[in-house]
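Data first, discussion second: the structure below is written as structure tokens.
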Amino acid sequence: MPFEQHLEKAIFKDPKTVYQGALAATETLGGSMVSSAKDTCRMEAKFPKVMLGKTLGERTYLSCEVRPQGDFSLVVVDAYPLDAVERKLMFGARKGVTESVVNWFVEYLEKQLA
């Protein structure tokens with residue numbers, strides 16, 4: 001299982017609404033914003049080791065871009081684990097941590113849009 005995760009998901013809402021939902025999902029999950037560009041619907045955030053009351057083992061860096069695709073928006077999420085000083089973790093990451101963060105992010109994004 002790769003440490004880096006990539007996910008693309010179609011959501012039938014306008015990009016600005018989906019982007020606002022992504023910001024709200026990040027806040028709900030306890031992520032700290034690294035950068036946010038409202039005009040391009042792109043954000044980057046760091047997530048802590050403990051999320052939703054579960055200790056995951058390492059921090060996670062996540063970027064999300066919302067692209068218009070005609071009738072829907074394409075959400076592109078990329079994520080990877082971080083070491084203790086918040087650099088990209090190249091080895092020794094725990095299996096499934098980054099994948100869990102991506103899945104929770106998308107789940108909470110969809111809840112925000114419901």
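Note on naming: chains are A, B, ... as they come in the structure tokens, residues start from 1 per chain, ligands start from 1 in the order shown.
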
DSSP strand (DSSP E or B) residues within chain A, as a PyMOL selection string: chain A and resi 5-11+32-37+42-47+50-51+54-55+59-69+72-82+88

Just N, CA and C atoms for this one: save the residues we selected as a short mmCIF file (atom, residue, chain, number, x, y, z; two decimals), in the first residue's frame.
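The file below, out-v7.cif, is the result:
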```cif
data_model
loop_
_atom_site.label_atom_id
_atom_site.label_comp_id
_atom_site.auth_asym_id
_atom_site.auth_seq_id
_atom_site.Cartn_x
_atom_site.Cartn_y
_atom_site.Cartn_z
N GLN A 5 -1.55 9.03 -1.11
CA GLN A 5 -2.91 8.70 -1.54
C GLN A 5 -3.40 9.74 -2.54
N HIS A 6 -4.11 9.28 -3.55
CA HIS A 6 -4.70 10.16 -4.55
C HIS A 6 -6.14 9.70 -4.75
N LEU A 7 -7.06 10.66 -4.75
CA LEU A 7 -8.47 10.33 -4.92
C LEU A 7 -9.13 11.42 -5.76
N GLU A 8 -9.94 11.00 -6.71
CA GLU A 8 -10.75 11.93 -7.50
C GLU A 8 -12.20 11.50 -7.35
N LYS A 9 -13.05 12.49 -7.08
CA LYS A 9 -14.46 12.19 -6.85
C LYS A 9 -15.33 13.26 -7.49
N ALA A 10 -16.35 12.84 -8.20
CA ALA A 10 -17.30 13.77 -8.81
C ALA A 10 -18.41 14.09 -7.81
N ILE A 11 -18.69 15.37 -7.65
CA ILE A 11 -19.77 15.81 -6.77
C ILE A 11 -20.65 16.77 -7.56
N SER A 32 -5.25 21.94 10.36
CA SER A 32 -4.80 23.34 10.35
C SER A 32 -4.47 23.72 8.92
N MET A 33 -4.99 24.85 8.49
CA MET A 33 -4.84 25.30 7.12
C MET A 33 -3.41 25.75 6.86
N VAL A 34 -2.81 25.25 5.79
CA VAL A 34 -1.49 25.68 5.35
C VAL A 34 -1.64 26.80 4.34
N SER A 35 -2.53 26.58 3.37
CA SER A 35 -2.84 27.61 2.38
C SER A 35 -4.24 27.39 1.85
N SER A 36 -4.81 28.48 1.38
CA SER A 36 -6.18 28.44 0.88
C SER A 36 -6.32 29.48 -0.22
N ALA A 37 -6.77 29.06 -1.39
CA ALA A 37 -6.95 29.96 -2.52
C ALA A 37 -8.39 29.86 -3.00
N ARG A 42 -8.60 25.82 -4.21
CA ARG A 42 -7.53 24.91 -3.79
C ARG A 42 -7.15 25.20 -2.35
N MET A 43 -6.95 24.15 -1.57
CA MET A 43 -6.53 24.31 -0.18
C MET A 43 -5.54 23.23 0.19
N GLU A 44 -4.71 23.53 1.19
CA GLU A 44 -3.75 22.58 1.72
C GLU A 44 -3.85 22.65 3.24
N ALA A 45 -3.80 21.48 3.87
CA ALA A 45 -3.94 21.44 5.33
C ALA A 45 -3.09 20.31 5.91
N LYS A 46 -2.79 20.46 7.20
CA LYS A 46 -2.10 19.42 7.96
C LYS A 46 -3.07 18.91 9.02
N PHE A 47 -3.12 17.59 9.15
CA PHE A 47 -4.00 16.97 10.12
C PHE A 47 -3.19 16.34 11.24
N VAL A 50 -4.19 12.67 16.18
CA VAL A 50 -5.42 12.21 16.80
C VAL A 50 -6.60 12.89 16.10
N MET A 51 -7.46 12.08 15.51
CA MET A 51 -8.64 12.59 14.82
C MET A 51 -9.85 11.77 15.23
N LYS A 54 -9.46 9.07 17.70
CA LYS A 54 -8.62 7.91 17.40
C LYS A 54 -7.18 8.37 17.19
N THR A 55 -6.26 7.66 17.80
CA THR A 55 -4.84 7.96 17.60
C THR A 55 -4.37 7.20 16.36
N ARG A 59 1.04 12.38 11.59
CA ARG A 59 0.32 13.52 11.02
C ARG A 59 0.17 13.31 9.51
N THR A 60 -0.75 14.03 8.92
CA THR A 60 -1.01 13.88 7.49
C THR A 60 -1.12 15.24 6.83
N TYR A 61 -0.52 15.37 5.66
CA TYR A 61 -0.63 16.56 4.82
C TYR A 61 -1.64 16.23 3.73
N LEU A 62 -2.58 17.13 3.48
CA LEU A 62 -3.62 16.88 2.48
C LEU A 62 -3.83 18.13 1.64
N SER A 63 -3.91 17.94 0.33
CA SER A 63 -4.26 19.04 -0.56
C SER A 63 -5.55 18.66 -1.28
N CYS A 64 -6.38 19.65 -1.51
CA CYS A 64 -7.67 19.43 -2.16
C CYS A 64 -7.89 20.53 -3.19
N GLU A 65 -8.23 20.13 -4.39
CA GLU A 65 -8.55 21.07 -5.45
C GLU A 65 -9.92 20.70 -6.01
N VAL A 66 -10.76 21.71 -6.21
CA VAL A 66 -12.09 21.48 -6.77
C VAL A 66 -12.11 22.09 -8.17
N ARG A 67 -12.34 21.24 -9.16
CA ARG A 67 -12.32 21.68 -10.57
C ARG A 67 -13.73 21.60 -11.16
N PRO A 68 -14.15 22.64 -11.87
CA PRO A 68 -15.45 22.58 -12.54
C PRO A 68 -15.39 21.60 -13.72
N GLN A 69 -16.44 20.79 -13.87
CA GLN A 69 -16.50 19.80 -14.94
C GLN A 69 -17.90 19.79 -15.54
N PHE A 72 -20.93 19.08 -12.92
CA PHE A 72 -20.47 18.67 -11.60
C PHE A 72 -19.09 19.25 -11.31
N SER A 73 -18.62 19.00 -10.11
CA SER A 73 -17.28 19.42 -9.70
C SER A 73 -16.44 18.17 -9.47
N LEU A 74 -15.19 18.23 -9.86
CA LEU A 74 -14.26 17.13 -9.62
C LEU A 74 -13.38 17.52 -8.44
N VAL A 75 -13.45 16.71 -7.39
CA VAL A 75 -12.63 16.94 -6.20
C VAL A 75 -11.39 16.06 -6.32
N VAL A 76 -10.22 16.70 -6.30
CA VAL A 76 -8.96 15.97 -6.41
C VAL A 76 -8.23 16.12 -5.08
N VAL A 77 -8.00 14.99 -4.41
CA VAL A 77 -7.36 14.98 -3.09
C VAL A 77 -6.06 14.20 -3.18
N ASP A 78 -4.98 14.81 -2.69
CA ASP A 78 -3.69 14.15 -2.57
C ASP A 78 -3.24 14.27 -1.13
N ALA A 79 -2.66 13.21 -0.58
CA ALA A 79 -2.24 13.24 0.82
C ALA A 79 -1.02 12.35 1.02
N TYR A 80 -0.25 12.69 2.05
CA TYR A 80 0.89 11.87 2.43
C TYR A 80 1.19 12.07 3.91
N PRO A 81 1.87 11.09 4.54
CA PRO A 81 2.18 11.21 5.96
C PRO A 81 3.33 12.20 6.21
N LEU A 82 3.31 12.78 7.42
CA LEU A 82 4.35 13.71 7.85
C LEU A 82 5.10 13.14 9.04
N LYS A 88 7.73 15.47 4.77
CA LYS A 88 7.16 14.28 4.14
C LYS A 88 7.87 13.04 4.67
#
```

Those of chain A in DSSP helix (DSSP H, G or I), formatted as a VMD selection string: chain A and resid 15 to 28 97 to 113

Please, could you write that set of residues out with N, CA and C atoms as a PDB file, in the first residue's frame?
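File produced: selection38.pdb:
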```pdb
ATOM      1  N   PRO A  15     -18.435  24.368  -7.861  1.00  0.00           N
ATOM      2  CA  PRO A  15     -17.110  24.323  -7.219  1.00  0.00           C
ATOM      3  C   PRO A  15     -16.990  25.178  -5.958  1.00  0.00           C
ATOM      4  N   LYS A  16     -17.567  26.351  -5.932  1.00  0.00           N
ATOM      5  CA  LYS A  16     -17.450  27.225  -4.756  1.00  0.00           C
ATOM      6  C   LYS A  16     -18.117  26.596  -3.530  1.00  0.00           C
ATOM      7  N   THR A  17     -19.259  25.975  -3.726  1.00  0.00           N
ATOM      8  CA  THR A  17     -19.958  25.304  -2.631  1.00  0.00           C
ATOM      9  C   THR A  17     -19.146  24.119  -2.119  1.00  0.00           C
ATOM     10  N   VAL A  18     -18.587  23.337  -3.043  1.00  0.00           N
ATOM     11  CA  VAL A  18     -17.776  22.183  -2.656  1.00  0.00           C
ATOM     12  C   VAL A  18     -16.522  22.648  -1.919  1.00  0.00           C
ATOM     13  N   TYR A  19     -15.911  23.724  -2.391  1.00  0.00           N
ATOM     14  CA  TYR A  19     -14.717  24.274  -1.745  1.00  0.00           C
ATOM     15  C   TYR A  19     -15.027  24.717  -0.315  1.00  0.00           C
ATOM     16  N   GLN A  20     -16.148  25.384  -0.112  1.00  0.00           N
ATOM     17  CA  GLN A  20     -16.544  25.792   1.236  1.00  0.00           C
ATOM     18  C   GLN A  20     -16.786  24.570   2.119  1.00  0.00           C
ATOM     19  N   GLY A  21     -17.344  23.520   1.536  1.00  0.00           N
ATOM     20  CA  GLY A  21     -17.535  22.269   2.270  1.00  0.00           C
ATOM     21  C   GLY A  21     -16.210  21.629   2.660  1.00  0.00           C
ATOM     22  N   ALA A  22     -15.209  21.725   1.779  1.00  0.00           N
ATOM     23  CA  ALA A  22     -13.881  21.182   2.081  1.00  0.00           C
ATOM     24  C   ALA A  22     -13.235  21.945   3.236  1.00  0.00           C
ATOM     25  N   LEU A  23     -13.399  23.254   3.250  1.00  0.00           N
ATOM     26  CA  LEU A  23     -12.863  24.061   4.357  1.00  0.00           C
ATOM     27  C   LEU A  23     -13.538  23.674   5.671  1.00  0.00           C
ATOM     28  N   ALA A  24     -14.856  23.499   5.635  1.00  0.00           N
ATOM     29  CA  ALA A  24     -15.601  23.127   6.836  1.00  0.00           C
ATOM     30  C   ALA A  24     -15.217  21.716   7.306  1.00  0.00           C
ATOM     31  N   ALA A  25     -15.018  20.788   6.370  1.00  0.00           N
ATOM     32  CA  ALA A  25     -14.615  19.424   6.729  1.00  0.00           C
ATOM     33  C   ALA A  25     -13.240  19.436   7.386  1.00  0.00           C
ATOM     34  N   THR A  26     -12.334  20.252   6.878  1.00  0.00           N
ATOM     35  CA  THR A  26     -10.995  20.376   7.455  1.00  0.00           C
ATOM     36  C   THR A  26     -11.079  20.871   8.893  1.00  0.00           C
ATOM     37  N   GLU A  27     -11.896  21.875   9.115  1.00  0.00           N
ATOM     38  CA  GLU A  27     -12.062  22.430  10.463  1.00  0.00           C
ATOM     39  C   GLU A  27     -12.675  21.395  11.401  1.00  0.00           C
ATOM     40  N   THR A  28     -13.695  20.683  10.932  1.00  0.00           N
ATOM     41  CA  THR A  28     -14.371  19.672  11.745  1.00  0.00           C
ATOM     42  C   THR A  28     -13.414  18.562  12.164  1.00  0.00           C
ATOM     43  N   VAL A  97      -3.012   4.791   7.569  1.00  0.00           N
ATOM     44  CA  VAL A  97      -3.272   6.073   8.239  1.00  0.00           C
ATOM     45  C   VAL A  97      -3.676   7.143   7.230  1.00  0.00           C
ATOM     46  N   THR A  98      -2.871   7.339   6.196  1.00  0.00           N
ATOM     47  CA  THR A  98      -3.165   8.375   5.202  1.00  0.00           C
ATOM     48  C   THR A  98      -4.474   8.074   4.485  1.00  0.00           C
ATOM     49  N   GLU A  99      -4.695   6.827   4.187  1.00  0.00           N
ATOM     50  CA  GLU A  99      -5.943   6.418   3.531  1.00  0.00           C
ATOM     51  C   GLU A  99      -7.154   6.738   4.415  1.00  0.00           C
ATOM     52  N   SER A 100      -7.025   6.508   5.718  1.00  0.00           N
ATOM     53  CA  SER A 100      -8.116   6.822   6.648  1.00  0.00           C
ATOM     54  C   SER A 100      -8.415   8.313   6.667  1.00  0.00           C
ATOM     55  N   VAL A 101      -7.373   9.134   6.686  1.00  0.00           N
ATOM     56  CA  VAL A 101      -7.571  10.585   6.703  1.00  0.00           C
ATOM     57  C   VAL A 101      -8.282  11.042   5.432  1.00  0.00           C
ATOM     58  N   VAL A 102      -7.870  10.519   4.286  1.00  0.00           N
ATOM     59  CA  VAL A 102      -8.518  10.880   3.011  1.00  0.00           C
ATOM     60  C   VAL A 102      -9.979  10.447   3.031  1.00  0.00           C
ATOM     61  N   ASN A 103     -10.244   9.246   3.479  1.00  0.00           N
ATOM     62  CA  ASN A 103     -11.632   8.749   3.524  1.00  0.00           C
ATOM     63  C   ASN A 103     -12.500   9.585   4.455  1.00  0.00           C
ATOM     64  N   TRP A 104     -11.963   9.933   5.630  1.00  0.00           N
ATOM     65  CA  TRP A 104     -12.723  10.772   6.562  1.00  0.00           C
ATOM     66  C   TRP A 104     -12.954  12.156   5.981  1.00  0.00           C
ATOM     67  N   PHE A 105     -11.951  12.702   5.323  1.00  0.00           N
ATOM     68  CA  PHE A 105     -12.089  14.022   4.715  1.00  0.00           C
ATOM     69  C   PHE A 105     -13.232  14.017   3.693  1.00  0.00           C
ATOM     70  N   VAL A 106     -13.248  13.035   2.819  1.00  0.00           N
ATOM     71  CA  VAL A 106     -14.305  12.955   1.802  1.00  0.00           C
ATOM     72  C   VAL A 106     -15.665  12.707   2.450  1.00  0.00           C
ATOM     73  N   GLU A 107     -15.700  11.861   3.470  1.00  0.00           N
ATOM     74  CA  GLU A 107     -16.954  11.593   4.177  1.00  0.00           C
ATOM     75  C   GLU A 107     -17.513  12.878   4.802  1.00  0.00           C
ATOM     76  N   TYR A 108     -16.661  13.635   5.481  1.00  0.00           N
ATOM     77  CA  TYR A 108     -17.126  14.867   6.114  1.00  0.00           C
ATOM     78  C   TYR A 108     -17.427  15.958   5.091  1.00  0.00           C
ATOM     79  N   LEU A 109     -16.734  15.957   3.979  1.00  0.00           N
ATOM     80  CA  LEU A 109     -17.058  16.881   2.891  1.00  0.00           C
ATOM     81  C   LEU A 109     -18.458  16.600   2.374  1.00  0.00           C
ATOM     82  N   GLU A 110     -18.780  15.342   2.157  1.00  0.00           N
ATOM     83  CA  GLU A 110     -20.111  14.971   1.682  1.00  0.00           C
ATOM     84  C   GLU A 110     -21.187  15.297   2.710  1.00  0.00           C
ATOM     85  N   LYS A 111     -20.876  15.148   4.004  1.00  0.00           N
ATOM     86  CA  LYS A 111     -21.838  15.527   5.046  1.00  0.00           C
ATOM     87  C   LYS A 111     -22.096  17.026   5.021  1.00  0.00           C
ATOM     88  N   GLN A 112     -21.059  17.811   4.771  1.00  0.00           N
ATOM     89  CA  GLN A 112     -21.223  19.272   4.708  1.00  0.00           C
ATOM     90  C   GLN A 112     -22.122  19.679   3.541  1.00  0.00           C
ATOM     91  N   LEU A 113     -22.100  18.903   2.484  1.00  0.00           N
ATOM     92  CA  LEU A 113     -22.856  19.244   1.274  1.00  0.00           C
ATOM     93  C   LEU A 113     -24.256  18.664   1.254  1.00  0.00           C
TER      94      LEU A 113
END
```

Straight-line distance linking CA of Gly31 (chain A) with CA of Gly57 (chain A), stated in Å to one decimal: 15.2 Å

Proximity to Cys41 (chain A) - best of A:Val85, A:Leu29, A:Glu4, A:Asp14, only C-alpha atoms: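 Result for the nearest residue to Cys41 (chain A): A:Asp14.
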
Pairwise distance for CA of Gly92 (chain A) and CA of Phe3 (chain A), rounded to one decimal in Å: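 These two atoms are separated by 9.3 Å.
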
Closest of A:Asp83, A:Thr40, A:Arg94, A:Ala114 to Phe12 (chain A) - atom-to-atom distances counting only C-alpha atoms: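 Among A:Asp83, A:Thr40, A:Arg94, A:Ala114, it is A:Ala114 that comes nearest to Phe12 (chain A).
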
Between CA of Glu86 (chain A) and CA of Pro48 (chain A), distance in Å (one decimal): 10.2 Å
